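Undergrad: Structure supplied as upload.cif; contents: mmCIF, C-alpha atoms and all ligand atoms.
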data_my_file
#
loop_
_atom_site.label_atom_id
_atom_site.label_comp_id
_atom_site.auth_asym_id
_atom_site.auth_seq_id
_atom_site.Cartn_x
_atom_site.Cartn_y
_atom_site.Cartn_z
CA MET A 1 -0.05 26.54 -16.83
CA SER A 2 -1.16 24.31 -13.95
CA ARG A 3 -0.17 20.68 -14.19
CA ILE A 4 -0.51 17.41 -12.35
CA TYR A 5 2.69 16.53 -10.47
CA VAL A 6 3.34 12.91 -9.55
CA LEU A 7 5.66 12.58 -6.53
CA HIS A 8 7.28 9.13 -6.57
CA GLU A 9 10.55 7.17 -6.42
CA ASN A 10 9.88 4.16 -8.64
CA PRO A 11 9.82 4.80 -12.43
CA ALA A 12 8.80 1.16 -13.05
CA TRP A 13 5.35 1.85 -11.61
CA LEU A 14 4.62 4.97 -13.68
CA PRO A 15 3.79 3.76 -17.24
CA PRO A 16 0.13 2.74 -16.63
CA LEU A 17 -0.59 6.11 -15.01
CA ALA A 18 1.33 7.97 -17.73
CA ALA A 19 -0.78 6.23 -20.39
CA ALA A 20 -4.00 7.17 -18.60
CA PHE A 21 -2.92 10.83 -18.33
CA ASP A 22 -1.90 10.92 -21.99
CA GLN A 23 -5.12 9.22 -23.11
CA ARG A 24 -7.00 12.12 -21.47
CA ARG A 25 -4.51 14.73 -22.74
CA LEU A 26 -3.81 15.88 -19.19
CA PRO A 27 -0.67 17.97 -18.59
CA TRP A 28 1.55 16.19 -16.09
CA THR A 29 5.10 16.01 -14.81
CA GLU A 30 6.89 13.56 -12.54
CA TRP A 31 8.92 14.54 -9.52
CA PHE A 32 11.34 11.73 -8.77
CA LEU A 33 11.98 12.18 -5.06
CA HIS A 34 15.32 10.57 -4.43
CA HIS A 35 17.62 13.55 -4.79
CA GLY A 36 16.56 17.15 -5.28
CA THR A 37 16.95 20.81 -4.38
CA PHE A 38 14.01 22.90 -3.20
CA ASP A 39 14.13 26.62 -2.47
CA LEU A 40 11.75 26.84 0.47
CA ALA A 41 11.44 30.63 0.05
CA ALA A 42 10.03 30.20 -3.46
CA PRO A 43 6.44 29.17 -4.14
CA PRO A 44 5.94 25.75 -5.73
CA PRO A 45 4.49 25.65 -9.25
CA GLU A 46 0.73 25.75 -9.62
CA GLY A 47 -1.00 22.42 -9.91
CA VAL A 48 -2.31 19.27 -8.28
CA PHE A 49 0.31 17.21 -6.47
CA TYR A 50 -0.25 13.47 -6.20
CA ASN A 51 1.98 11.74 -3.67
CA ARG A 52 2.85 8.13 -4.52
CA MET A 53 5.74 7.64 -2.12
CA SER A 54 6.09 3.98 -1.25
CA ALA A 55 6.85 2.26 2.05
CA SER A 56 9.25 -0.02 0.16
CA SER A 57 11.33 2.87 -1.25
CA HIS A 58 14.33 1.90 0.93
CA THR A 59 14.47 -1.49 -0.86
CA ARG A 60 15.31 0.37 -4.09
CA GLU A 61 18.25 2.18 -2.50
CA HIS A 62 16.09 5.24 -1.89
CA ARG A 63 16.50 5.15 1.86
CA TYR A 64 15.54 8.78 2.45
CA SER A 65 12.82 9.27 -0.18
CA ALA A 66 10.03 9.09 2.38
CA GLU A 67 11.75 11.72 4.54
CA LEU A 68 12.30 13.94 1.50
CA THR A 69 8.65 13.53 0.51
CA ALA A 70 7.44 14.51 3.98
CA ALA A 71 9.51 17.70 3.71
CA VAL A 72 8.29 18.51 0.20
CA LEU A 73 4.67 17.89 1.21
CA ALA A 74 5.04 20.35 4.11
CA TRP A 75 6.38 22.98 1.68
CA LEU A 76 3.54 22.37 -0.80
CA THR A 77 0.89 22.49 1.90
CA SER A 78 2.28 25.67 3.45
CA HIS A 79 1.74 27.32 0.06
CA GLY A 80 -1.83 26.07 -0.11
CA ARG A 81 -1.26 23.65 -2.97
CA ARG A 82 -3.80 20.93 -3.66
CA VAL A 83 -2.13 17.72 -2.53
CA VAL A 84 -3.67 14.28 -3.04
CA ASN A 85 -2.50 11.73 -0.46
CA GLY A 86 -0.69 14.32 1.62
CA ALA A 87 1.14 14.13 4.93
CA GLY A 88 -1.55 12.01 6.62
CA ALA A 89 -1.31 9.39 3.87
CA LEU A 90 2.48 9.26 4.00
CA ASP A 91 2.36 8.94 7.78
CA LEU A 92 0.28 5.78 7.52
CA GLU A 93 2.09 4.43 4.45
CA ILE A 94 5.29 4.04 6.43
CA SER A 95 3.86 2.64 9.67
CA LYS A 96 1.52 -0.31 10.10
CA VAL A 97 1.18 0.53 13.78
CA ARG A 98 -0.19 3.96 12.90
CA GLN A 99 -2.46 2.32 10.29
CA TYR A 100 -3.91 -0.02 12.89
CA ALA A 101 -4.43 2.80 15.39
CA ALA A 102 -6.29 4.86 12.79
CA LEU A 103 -8.38 1.86 11.67
CA ALA A 104 -9.37 1.14 15.26
CA LEU A 105 -10.90 4.61 15.53
CA HIS A 106 -13.34 3.51 12.82
CA ASP A 107 -14.15 0.09 14.29
CA VAL A 108 -12.15 -1.72 11.64
CA ALA A 109 -10.74 -4.94 13.09
CA THR A 110 -7.05 -5.74 12.62
CA PRO A 111 -5.09 -8.89 13.53
CA ARG A 112 -3.79 -9.11 17.09
CA THR A 113 -0.36 -7.46 16.89
CA VAL A 114 2.56 -6.96 19.27
CA LEU A 115 5.11 -4.23 18.53
CA VAL A 116 8.72 -5.15 19.28
CA ALA A 117 11.71 -2.82 19.25
CA GLY A 118 14.93 -4.78 19.66
CA ARG A 119 16.01 -8.02 17.98
CA GLU A 120 16.76 -9.69 21.30
CA GLN A 121 13.16 -9.19 22.49
CA ILE A 122 11.39 -10.78 19.53
CA VAL A 123 11.46 -14.41 20.62
CA SER A 124 10.48 -13.83 24.24
CA ALA A 125 7.64 -11.58 23.08
CA ALA A 126 6.43 -14.31 20.73
CA ARG A 127 6.57 -16.95 23.49
CA GLN A 128 4.68 -14.67 25.85
CA HIS A 129 1.99 -13.38 23.51
CA PHE A 130 1.57 -16.16 20.94
CA PRO A 131 2.31 -19.43 22.79
CA ASP A 132 1.80 -22.52 20.64
CA ALA A 133 0.45 -20.55 17.71
CA PRO A 134 1.66 -19.74 14.22
CA ILE A 135 3.15 -16.25 14.08
CA ILE A 136 3.63 -13.69 11.35
CA LEU A 137 6.75 -11.51 11.67
CA LYS A 138 6.63 -8.34 9.58
CA PRO A 139 8.36 -4.98 9.56
CA ASN A 140 6.35 -1.98 10.71
CA ARG A 141 7.47 -0.16 7.59
CA GLY A 142 6.87 -2.73 4.89
CA GLY A 143 5.86 -2.96 1.29
CA LYS A 144 5.51 -5.66 -1.34
CA GLY A 145 5.50 -8.33 1.36
CA LEU A 146 9.26 -8.00 1.83
CA GLY A 147 10.36 -9.34 5.19
CA VAL A 148 6.94 -10.85 5.96
CA ARG A 149 7.43 -14.38 7.28
CA LEU A 150 5.27 -17.10 8.79
CA PHE A 151 6.60 -19.26 11.62
CA LEU A 152 4.66 -22.25 12.85
CA ALA A 153 6.18 -21.96 16.31
CA ALA A 154 8.49 -19.78 18.41
CA ASP A 155 11.38 -22.26 17.98
CA SER A 156 11.58 -21.72 14.22
CA LEU A 157 11.23 -17.98 14.80
CA ALA A 158 14.19 -18.16 17.20
CA THR A 159 16.31 -19.96 14.60
CA TYR A 160 15.57 -17.23 12.08
CA VAL A 161 16.12 -14.32 14.45
CA ASP A 162 19.51 -15.74 15.47
CA SER A 163 20.59 -16.40 11.89
CA ASP A 164 22.56 -14.32 9.41
CA ASP A 165 19.41 -14.20 7.22
CA TYR A 166 17.68 -11.96 9.75
CA GLU A 167 16.49 -8.77 8.06
CA HIS A 168 16.65 -5.61 10.15
CA PRO A 169 13.52 -3.46 9.82
CA VAL A 170 14.40 -0.06 8.39
CA ASP A 171 12.72 1.86 11.22
CA GLY A 172 13.85 -0.60 13.90
CA LEU A 173 10.32 -1.84 14.55
CA GLN A 174 9.05 -5.37 14.08
CA LEU A 175 5.52 -6.63 14.45
CA LEU A 176 4.50 -10.03 15.71
CA GLN A 177 1.06 -10.80 14.43
CA GLU A 178 -1.51 -13.54 14.69
CA TYR A 179 -1.61 -15.66 11.57
CA VAL A 180 -5.04 -15.31 9.99
CA ARG A 181 -5.92 -18.61 8.36
CA ALA A 182 -8.26 -18.16 5.43
CA PRO A 183 -10.47 -21.07 4.32
CA ARG A 184 -9.25 -20.44 0.74
CA PRO A 185 -5.73 -19.11 0.07
CA VAL A 186 -6.89 -15.64 -0.93
CA ILE A 187 -6.74 -12.14 0.43
CA THR A 188 -8.86 -9.24 -0.79
CA ARG A 189 -7.54 -5.86 -1.74
CA ALA A 190 -10.14 -3.09 -1.99
CA GLU A 191 -9.18 -0.16 -4.20
CA PHE A 192 -10.31 3.38 -3.46
CA VAL A 193 -9.90 6.45 -5.67
CA GLY A 194 -11.08 9.93 -4.74
CA GLY A 195 -11.92 8.45 -1.34
CA HIS A 196 -14.54 6.11 -2.86
CA PHE A 197 -14.52 2.37 -3.44
CA LEU A 198 -13.58 1.48 -7.03
CA TYR A 199 -13.34 -2.33 -7.04
CA ALA A 200 -11.87 -5.22 -5.11
CA VAL A 201 -9.38 -7.77 -6.32
CA GLU A 202 -8.89 -11.24 -4.86
CA VAL A 203 -5.26 -12.25 -4.74
CA ASP A 204 -4.23 -15.90 -4.62
CA THR A 205 -1.59 -16.31 -1.90
CA THR A 206 -0.55 -19.87 -2.75
CA GLU A 207 2.85 -18.71 -3.94
CA GLY A 208 3.70 -16.55 -0.95
CA PHE A 209 3.52 -13.10 0.53
CA GLU A 210 4.93 -10.82 -2.18
CA LEU A 211 1.71 -9.58 -3.66
CA CYS A 212 2.48 -6.38 -5.54
CA PRO A 213 -0.04 -6.35 -8.39
CA ALA A 214 2.03 -4.14 -10.70
CA ASP A 215 3.19 -5.79 -13.91
CA ALA A 216 6.65 -4.52 -13.06
CA CYS A 217 6.67 -6.76 -9.97
CA ALA A 218 5.28 -9.91 -11.62
CA ILE A 219 7.40 -12.96 -10.94
CA GLY A 220 6.93 -15.90 -13.32
CA ASP A 221 3.54 -17.27 -14.32
CA ALA A 222 0.64 -15.42 -12.72
CA VAL A 223 -1.81 -18.34 -12.97
CA CYS A 224 -2.08 -20.41 -9.80
CA PRO A 225 -3.96 -23.70 -9.57
CA VAL A 226 -6.71 -23.71 -6.94
CA GLY A 227 -8.79 -26.86 -6.60
CA GLU A 228 -9.72 -28.40 -9.91
CA SER A 229 -9.55 -25.45 -12.22
CA PRO A 230 -6.70 -22.99 -12.76
CA ARG A 231 -7.37 -19.60 -11.28
CA GLN A 232 -5.80 -16.28 -12.09
CA LYS A 233 -3.60 -14.86 -9.36
CA PHE A 234 -5.43 -11.52 -9.44
CA GLU A 235 -9.16 -11.55 -10.02
CA ILE A 236 -11.52 -8.58 -9.79
CA VAL A 237 -14.62 -9.38 -7.76
CA ASP A 238 -17.89 -7.52 -7.21
CA GLY A 239 -18.22 -5.27 -4.21
CA ILE A 240 -17.23 -5.88 -0.63
CA ASP A 241 -19.39 -5.98 2.47
CA ALA A 242 -21.32 -2.69 2.54
CA ALA A 243 -20.69 -1.96 6.23
CA LEU A 244 -16.94 -2.58 5.85
CA ARG A 245 -16.85 -0.38 2.78
CA LEU A 246 -18.50 2.47 4.68
CA ARG A 247 -16.11 2.14 7.61
CA LEU A 248 -13.10 2.09 5.29
CA GLU A 249 -14.30 5.16 3.39
CA ARG A 250 -14.74 7.02 6.69
CA PHE A 251 -11.30 5.92 7.85
CA LEU A 252 -9.74 7.19 4.60
CA ALA A 253 -11.56 10.53 4.79
CA ASN A 254 -10.41 11.00 8.35
CA ALA A 255 -6.81 10.05 7.58
CA GLY A 256 -6.62 12.37 4.56
CA ILE A 257 -6.14 9.48 2.10
CA GLU A 258 -7.79 9.73 -1.30
CA VAL A 259 -6.14 6.88 -3.20
CA ALA A 260 -5.57 3.55 -1.46
CA GLY A 261 -5.54 -0.22 -1.69
CA ILE A 262 -6.66 -1.81 1.57
CA GLU A 263 -5.93 -5.49 2.18
CA PHE A 264 -7.93 -7.86 4.36
CA ILE A 265 -8.40 -11.55 5.07
CA SER A 266 -11.52 -13.37 6.24
CA ASP A 267 -10.82 -16.33 8.48
CA GLU A 268 -12.67 -19.60 9.03
CA SER A 269 -14.87 -18.12 11.76
CA GLY A 270 -15.96 -15.29 9.49
CA ARG A 271 -13.87 -12.50 11.03
CA THR A 272 -12.61 -9.98 8.48
CA LEU A 273 -9.30 -8.43 9.50
CA VAL A 274 -7.60 -5.53 7.74
CA TYR A 275 -3.81 -5.83 7.89
CA ASP A 276 -2.36 -3.44 5.29
CA VAL A 277 -3.16 0.02 3.93
CA ASN A 278 -1.29 0.96 0.76
CA THR A 279 -1.45 4.62 -0.18
CA ASN A 280 0.82 3.92 -3.11
CA THR A 281 -1.32 1.44 -4.97
CA ASN A 282 -0.69 -0.51 -8.17
CA TYR A 283 -3.21 -2.30 -10.32
CA ASN A 284 -3.06 -5.57 -12.21
CA ALA A 285 -3.55 -4.83 -15.90
CA ASP A 286 -4.56 -8.39 -16.87
CA ALA A 287 -7.25 -8.55 -14.19
CA GLU A 288 -8.61 -5.18 -15.33
CA GLU A 289 -8.59 -6.39 -18.94
CA ARG A 290 -10.53 -9.54 -18.05
CA ALA A 291 -13.07 -7.45 -16.11
CA GLY A 292 -13.58 -5.12 -19.10
CA ARG A 293 -12.09 -2.16 -17.23
CA ALA A 294 -8.85 -1.61 -19.17
CA ASP A 295 -8.46 1.86 -20.73
CA THR A 296 -11.63 3.12 -19.03
CA SER A 297 -12.20 5.36 -16.04
CA ARG A 298 -13.19 2.18 -14.17
CA SER A 299 -9.59 0.94 -14.26
CA GLY A 300 -7.25 1.98 -11.45
CA PRO A 301 -5.00 4.25 -13.52
CA GLY A 302 -8.02 5.54 -15.49
CA ALA A 303 -9.92 6.41 -12.31
CA ILE A 304 -6.88 8.19 -10.83
CA ALA A 305 -6.25 10.16 -14.02
CA ALA A 306 -9.93 11.14 -14.25
CA PHE A 307 -9.96 12.17 -10.57
CA LEU A 308 -6.75 14.21 -10.80
CA GLY A 309 -7.94 15.78 -14.06
CA ALA A 310 -11.15 16.89 -12.34
CA GLU A 311 -9.15 18.31 -9.41
CA LEU A 312 -6.92 20.18 -11.87
CA ALA A 313 -9.99 21.64 -13.62
CA ARG A 314 -11.25 22.92 -10.23
CA LEU A 315 -8.14 25.00 -9.55
CA PRO A 316 -8.56 28.72 -9.92
CA ILE A 317 -6.86 30.04 -13.07
CA ALA A 318 -3.43 31.40 -12.05
CA ALA A 319 -3.17 35.18 -12.36
N1 LIG B 1 -1.61 -11.70 9.85
C1 LIG B 1 -1.53 -12.33 8.68
N2 LIG B 1 -2.12 -13.56 8.51
C2 LIG B 1 -2.01 -14.21 7.32
N3 LIG B 1 -1.34 -13.74 6.25
C3 LIG B 1 -0.75 -12.53 6.37
C4 LIG B 1 -0.82 -11.77 7.57
N4 LIG B 1 -0.15 -10.61 7.39
C5 LIG B 1 0.33 -10.65 6.14
N5 LIG B 1 -0.04 -11.79 5.51
C6 LIG B 1 0.29 -12.15 4.13
O1 LIG B 1 1.52 -11.50 3.77
C7 LIG B 1 1.27 -10.54 2.73
C8 LIG B 1 2.14 -9.30 2.97
O2 LIG B 1 1.83 -8.72 4.21
P1 LIG B 1 1.48 -7.18 4.37
O3 LIG B 1 1.08 -6.94 5.78
O4 LIG B 1 0.49 -6.78 3.32
O5 LIG B 1 2.90 -6.50 4.12
P2 LIG B 1 3.33 -5.43 3.01
O6 LIG B 1 3.06 -4.08 3.58
O7 LIG B 1 4.78 -5.69 2.82
O8 LIG B 1 2.52 -5.68 1.76
C9 LIG B 1 -0.22 -10.31 2.79
O9 LIG B 1 -0.76 -9.85 1.58
C10 LIG B 1 -0.77 -11.66 3.18
O10 LIG B 1 -0.83 -12.54 2.08
MG MG B 2 0.46 -5.74 1.55
#
Could the structure of this file be written out as structure tokens, please?

TA:
Amino acid sequence: MSRIYVLHENPAWLPPLAAAFDQRRLPWTEWFLHHGTFDLAAPPPEGVFYNRMSASSHTREHRYSAELTAAVLAWLTSHGRRVVNGAGALDLEISKVRQYAALALHDVATPRTVLVAGREQIVSAARQHFPDAPIILKPNRGGKGLGVRLFLAADSLATYVDSDDYEHPVDGLQLLQEYVRAPRPVITRAEFVGGHFLYAVEVDTTEGFELCPADACAIGDAVCPVGESPRQKFEIVDGIDAALRLRLERFLANAGIEVAGIEFISDESGRTLVYDVNTNTNYNADAEERAGRADTSRSGPGAIAAFLGAELARLPIAA
């Protein structure tokens, strides 16, 4: 019988999706892509294959999971299997530079960014391209905000780059990026399922750059004070700008991405800049609960399960 296969490398992120599958009585199996053996001469099983490989997989000692996933996706695709978030999605998941190039094709603005290969070139590149300005240093292949740092000037960047704390980017590529100063300390993450906008969540950034919304990543109290009244760290908001939404949906369609969380910041002058595309997206259960979306097909996991269930129902019955 055909099933839904979830390709992933982090069991901690699976339970909400598992619950949504089980609630809908959908047949599903996980493929944990850290180790494995695949007979390339044999056809894969019948089903719908949902790729959730994460850019941060190397931080969980799964250094080669993304490479393994790329190989498995090629095998699945060569056999004509229905893959959700296939090779195109993985390609962007693991490279912000490729994300920005693909976004530019759809007139989506991104922060000014300089690509640097080589630790010894970082500081001179910062002095040349971002003189007297705050700078964000982030790895090209990121995830969960790990390794993303703000420096108020090139001197403090130099101190860090020369120190033992310096973190080497896993693919050797660093990005220097303009610091986008938001009038309020929030970023917006727009969630898309089946290629369509589902909802947006505002994330309070007061506590720093590690913004994974999954419960499994929560660190301490999730309520941050903003102004007079306490505000939740993750808060679902109504839609996003209609023109931006359309451009993002076109970008996703073109890149072969069906499930995504796209992050952007609006600065004081009103520019909206997209800086991160997550094809392995997690959802904040408390925020969904407060918005009345929990356990419905309007929640993230519910929408994905409903979408994959519909794709499974569309498959021809195996002979
Ligand atoms: N250019 C920027 N200006 C201001 N804040 C930024 C910028 N880039 C990243 N950040 C902050 O750092 C967080 C993590 O950066 P991001 O690019 O999303 O990396 P990751 O892929 O690891 O999630 C963002 O959610 C945001 O809060
Ligand atoms: Mg991010």

Undergrad: Write as a ChimeraX atom specification the residues around ligand MG 2 (chain B), taking 7 Å as the cut-off and counting all atoms listed in the file.

TA: /A:143-145,211,263,276,278

Undergrad: Can you write out as a Markdown table which residues of chain A fall within 9 Å of ligand LIG 1 (chain B), alongside each residue's closest atom pair and its distance in Å to one decimal, counting all atoms listed in the file and ordering rows by chain and ascending residue number?

TA:
| residue | atom | partner | partner_atom | distance |
| --- | --- | --- | --- | --- |
| A:Ala55 | CA | B:LIG1 | O6 | 7.5 |
| A:Ser56 | CA | B:LIG1 | O7 | 7.7 |
| A:Glu93 | CA | B:LIG1 | O6 | 8.6 |
| A:Ile94 | CA | B:LIG1 | O6 | 8.9 |
| A:Lys96 | CA | B:LIG1 | O6 | 7.7 |
| A:Thr110 | CA | B:LIG1 | N1 | 8.5 |
| A:Pro111 | CA | B:LIG1 | N1 | 5.8 |
| A:Arg112 | CA | B:LIG1 | N1 | 8.0 |
| A:Thr113 | CA | B:LIG1 | N1 | 8.3 |
| A:Ile135 | CA | B:LIG1 | N1 | 7.8 |
| A:Ile136 | CA | B:LIG1 | N1 | 5.8 |
| A:Leu137 | CA | B:LIG1 | N4 | 8.2 |
| A:Lys138 | CA | B:LIG1 | O5 | 6.9 |
| A:Pro139 | CA | B:LIG1 | O7 | 7.7 |
| A:Asn140 | CA | B:LIG1 | O6 | 8.1 |
| A:Arg141 | CA | B:LIG1 | O6 | 7.1 |
| A:Gly142 | CA | B:LIG1 | O7 | 4.2 |
| A:Gly143 | CA | B:LIG1 | O7 | 3.3 |
| A:Lys144 | CA | B:LIG1 | O7 | 4.2 |
| A:Gly145 | CA | B:LIG1 | O7 | 3.1 |
| A:Leu146 | CA | B:LIG1 | O7 | 5.1 |
| A:Gly147 | CA | B:LIG1 | O7 | 7.1 |
| A:Val148 | CA | B:LIG1 | O2 | 5.8 |
| A:Arg149 | CA | B:LIG1 | O1 | 7.5 |
| A:Leu150 | CA | B:LIG1 | N3 | 7.8 |
| A:Leu176 | CA | B:LIG1 | N1 | 8.6 |
| A:Gln177 | CA | B:LIG1 | N1 | 5.4 |
| A:Glu178 | CA | B:LIG1 | N1 | 5.2 |
| A:Tyr179 | CA | B:LIG1 | N2 | 3.7 |
| A:Val180 | CA | B:LIG1 | N2 | 3.7 |
| A:Arg181 | CA | B:LIG1 | C2 | 6.0 |
| A:Ala182 | CA | B:LIG1 | C2 | 7.6 |
| A:Pro185 | CA | B:LIG1 | O10 | 8.4 |
| A:Val186 | CA | B:LIG1 | O10 | 7.4 |
| A:Ile187 | CA | B:LIG1 | O10 | 6.1 |
| A:Thr188 | CA | B:LIG1 | O9 | 8.5 |
| A:Arg189 | CA | B:LIG1 | O9 | 8.5 |
| A:Val203 | CA | B:LIG1 | O9 | 8.1 |
| A:Asp204 | CA | B:LIG1 | O10 | 8.2 |
| A:Thr205 | CA | B:LIG1 | O10 | 5.5 |
| A:Thr206 | CA | B:LIG1 | O10 | 8.8 |
| A:Gly208 | CA | B:LIG1 | O10 | 6.8 |
| A:Phe209 | CA | B:LIG1 | C7 | 4.1 |
| A:Glu210 | CA | B:LIG1 | C8 | 6.1 |
| A:Leu211 | CA | B:LIG1 | O9 | 5.8 |
| A:Cys212 | CA | B:LIG1 | O8 | 7.3 |
| A:Ile262 | CA | B:LIG1 | O4 | 8.9 |
| A:Glu263 | CA | B:LIG1 | O4 | 6.6 |
| A:Phe264 | CA | B:LIG1 | O9 | 7.9 |
| A:Ile265 | CA | B:LIG1 | C2 | 7.3 |
| A:Leu273 | CA | B:LIG1 | N1 | 8.4 |
| A:Val274 | CA | B:LIG1 | N1 | 8.9 |
| A:Tyr275 | CA | B:LIG1 | O3 | 5.4 |
| A:Asp276 | CA | B:LIG1 | O4 | 4.8 |
| A:Val277 | CA | B:LIG1 | O6 | 7.5 |
| A:Asn278 | CA | B:LIG1 | O6 | 7.2 |

Undergrad: So which one's closest to Thr272 in chain A, A:Gln23, A:Ala287, A:Glu191, A:Val108? Using only C-alpha atoms, please.

TA: A:Val108

Undergrad: In terms of the shortest atom-to-atom distance over only C-alpha atoms, which of A:Ala305, A:Met1, A:Ala153, A:Ala74 is closest to Arg24 in chain A?

TA: A:Ala305

Undergrad: Would you please work out which residue, of A:Ala87, A:Val259, A:Ala310, A:Ala117, is nearest to Ala66 in chain A when using only C-alpha atoms?

TA: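 That would be A:Ala87, the residue with the smallest distance to Ala66 in chain A.
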
Undergrad: What is the CA of Gly47 in chain A-CA of Ile4 in chain A distance in Å, reported with one decimal?

TA: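 Value for the CA of Gly47 in chain A-CA of Ile4 in chain A distance: 5.6 Å.
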
Undergrad: From the set A:Val48, A:Leu103, A:Ala294, A:Val97, which residue has the shortest atom-to-atom contact distance to Arg82 in chain A, counting all atoms listed in the file?

TA: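 Checking each of A:Val48, A:Leu103, A:Ala294, A:Val97 against Arg82 in chain A, counting all atoms listed in the file, the winner is A:Val48.
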
Undergrad: Let me make sure I understand: among A:Ala104, A:Leu312, A:Val193, A:Thr159, which one has the smallest atom-to-atom distance to Ser299 in chain A if we use all atoms listed in the file?

TA: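 Checking each candidate against Ser299 in chain A, we get A:Val193 as the closest.
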
Undergrad: To one decimal in Å, tell me the separation between CA of Leu17 in chain A and CA of Pro301 in chain A.

TA: 5.0 Å

Undergrad: CA of Ala12 in chain A and CA of Arg52 in chain A are how many Å apart?

TA: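 If I compute the distance from CA of Ala12 in chain A to CA of Arg52 in chain A, I get 12.5 Å.
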
Undergrad: Go through A:Tyr64, A:Phe21, A:Phe151, A:Trp75 one by one, measure the shortest atom-to-atom distance of each to Pro45 in chain A using only C-alpha atoms, and give the residue with the smallest value.

TA: A:Trp75

Undergrad: Please identify all polymer residues within 9 Å of Ile240 in chain A, counting only C-alpha atoms, omitting same-chain residues fewer than 3 positions from it, and present them as a count of residues only.

TA: 7

Undergrad: Using all atoms listed in the file, which residues sit within 8 Å of Val161 in chain A once same-chain residues fewer than 4 positions away are excluded, as a PyMOL selection string?

TA: chain A and resi 119+122-123+157+165-166

Undergrad: Write out as a list in words each polymer residue whose atoms come within 7 Å of Leu115 in chain A, counting all atoms listed in the file; drop sequence neighbours fewer than 3 positions from it.

TA: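 Here the qualifying residues turn out to be Leu173, Gln174, Leu175 and Leu176 of chain A.
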
Undergrad: Please provide the set of residues having any atom within 9 Å of Phe49 in chain A, restricted to only C-alpha atoms, with same-chain residues fewer than 6 positions apart removed, written as JSON, numbers by chain.

TA: {"A": [3, 4, 5, 6, 7, 73, 76, 81, 82, 83, 84, 85, 86, 308]}

Undergrad: Starting from the incomplete input, reconstruct all heavy atoms of range 271-275 of chain A and write that as a short mmCIF file (atom, residue, chain, number, x, y, z; two decimals), in the coordinates of the input.

TA:
data_model
loop_
_atom_site.label_atom_id
_atom_site.label_comp_id
_atom_site.auth_asym_id
_atom_site.auth_seq_id
_atom_site.Cartn_x
_atom_site.Cartn_y
_atom_site.Cartn_z
N ARG A 271 -14.42 -13.84 10.70
CA ARG A 271 -13.87 -12.50 11.03
C ARG A 271 -13.18 -11.94 9.80
O ARG A 271 -12.46 -12.66 9.10
CB ARG A 271 -12.80 -12.61 12.13
CG ARG A 271 -13.27 -12.94 13.50
CD ARG A 271 -12.09 -12.90 14.48
NE ARG A 271 -10.94 -13.64 14.00
CZ ARG A 271 -9.68 -13.50 14.45
NH1 ARG A 271 -9.43 -12.62 15.40
NH2 ARG A 271 -8.70 -14.21 13.96
N THR A 272 -13.36 -10.64 9.55
CA THR A 272 -12.61 -9.98 8.48
C THR A 272 -11.63 -9.01 9.13
O THR A 272 -12.04 -8.13 9.88
CB THR A 272 -13.56 -9.24 7.53
OG1 THR A 272 -14.35 -10.22 6.86
CG2 THR A 272 -12.80 -8.43 6.49
N LEU A 273 -10.34 -9.22 8.84
CA LEU A 273 -9.30 -8.43 9.50
C LEU A 273 -8.49 -7.67 8.47
O LEU A 273 -7.95 -8.27 7.52
CB LEU A 273 -8.39 -9.36 10.31
CG LEU A 273 -9.12 -10.19 11.38
CD1 LEU A 273 -8.21 -11.23 11.96
CD2 LEU A 273 -9.65 -9.27 12.48
N VAL A 274 -8.40 -6.37 8.64
CA VAL A 274 -7.60 -5.53 7.74
C VAL A 274 -6.18 -5.51 8.27
O VAL A 274 -5.96 -5.26 9.46
CB VAL A 274 -8.17 -4.09 7.69
CG1 VAL A 274 -7.22 -3.16 6.94
CG2 VAL A 274 -9.54 -4.08 7.03
N TYR A 275 -5.20 -5.76 7.40
CA TYR A 275 -3.81 -5.83 7.89
C TYR A 275 -2.85 -4.92 7.14
O TYR A 275 -1.69 -4.80 7.53
CB TYR A 275 -3.29 -7.28 7.85
CG TYR A 275 -3.29 -7.84 6.46
CD1 TYR A 275 -2.21 -7.61 5.61
CD2 TYR A 275 -4.37 -8.54 5.96
CE1 TYR A 275 -2.22 -8.07 4.32
CE2 TYR A 275 -4.39 -9.01 4.66
CZ TYR A 275 -3.30 -8.77 3.84
OH TYR A 275 -3.31 -9.22 2.56
#
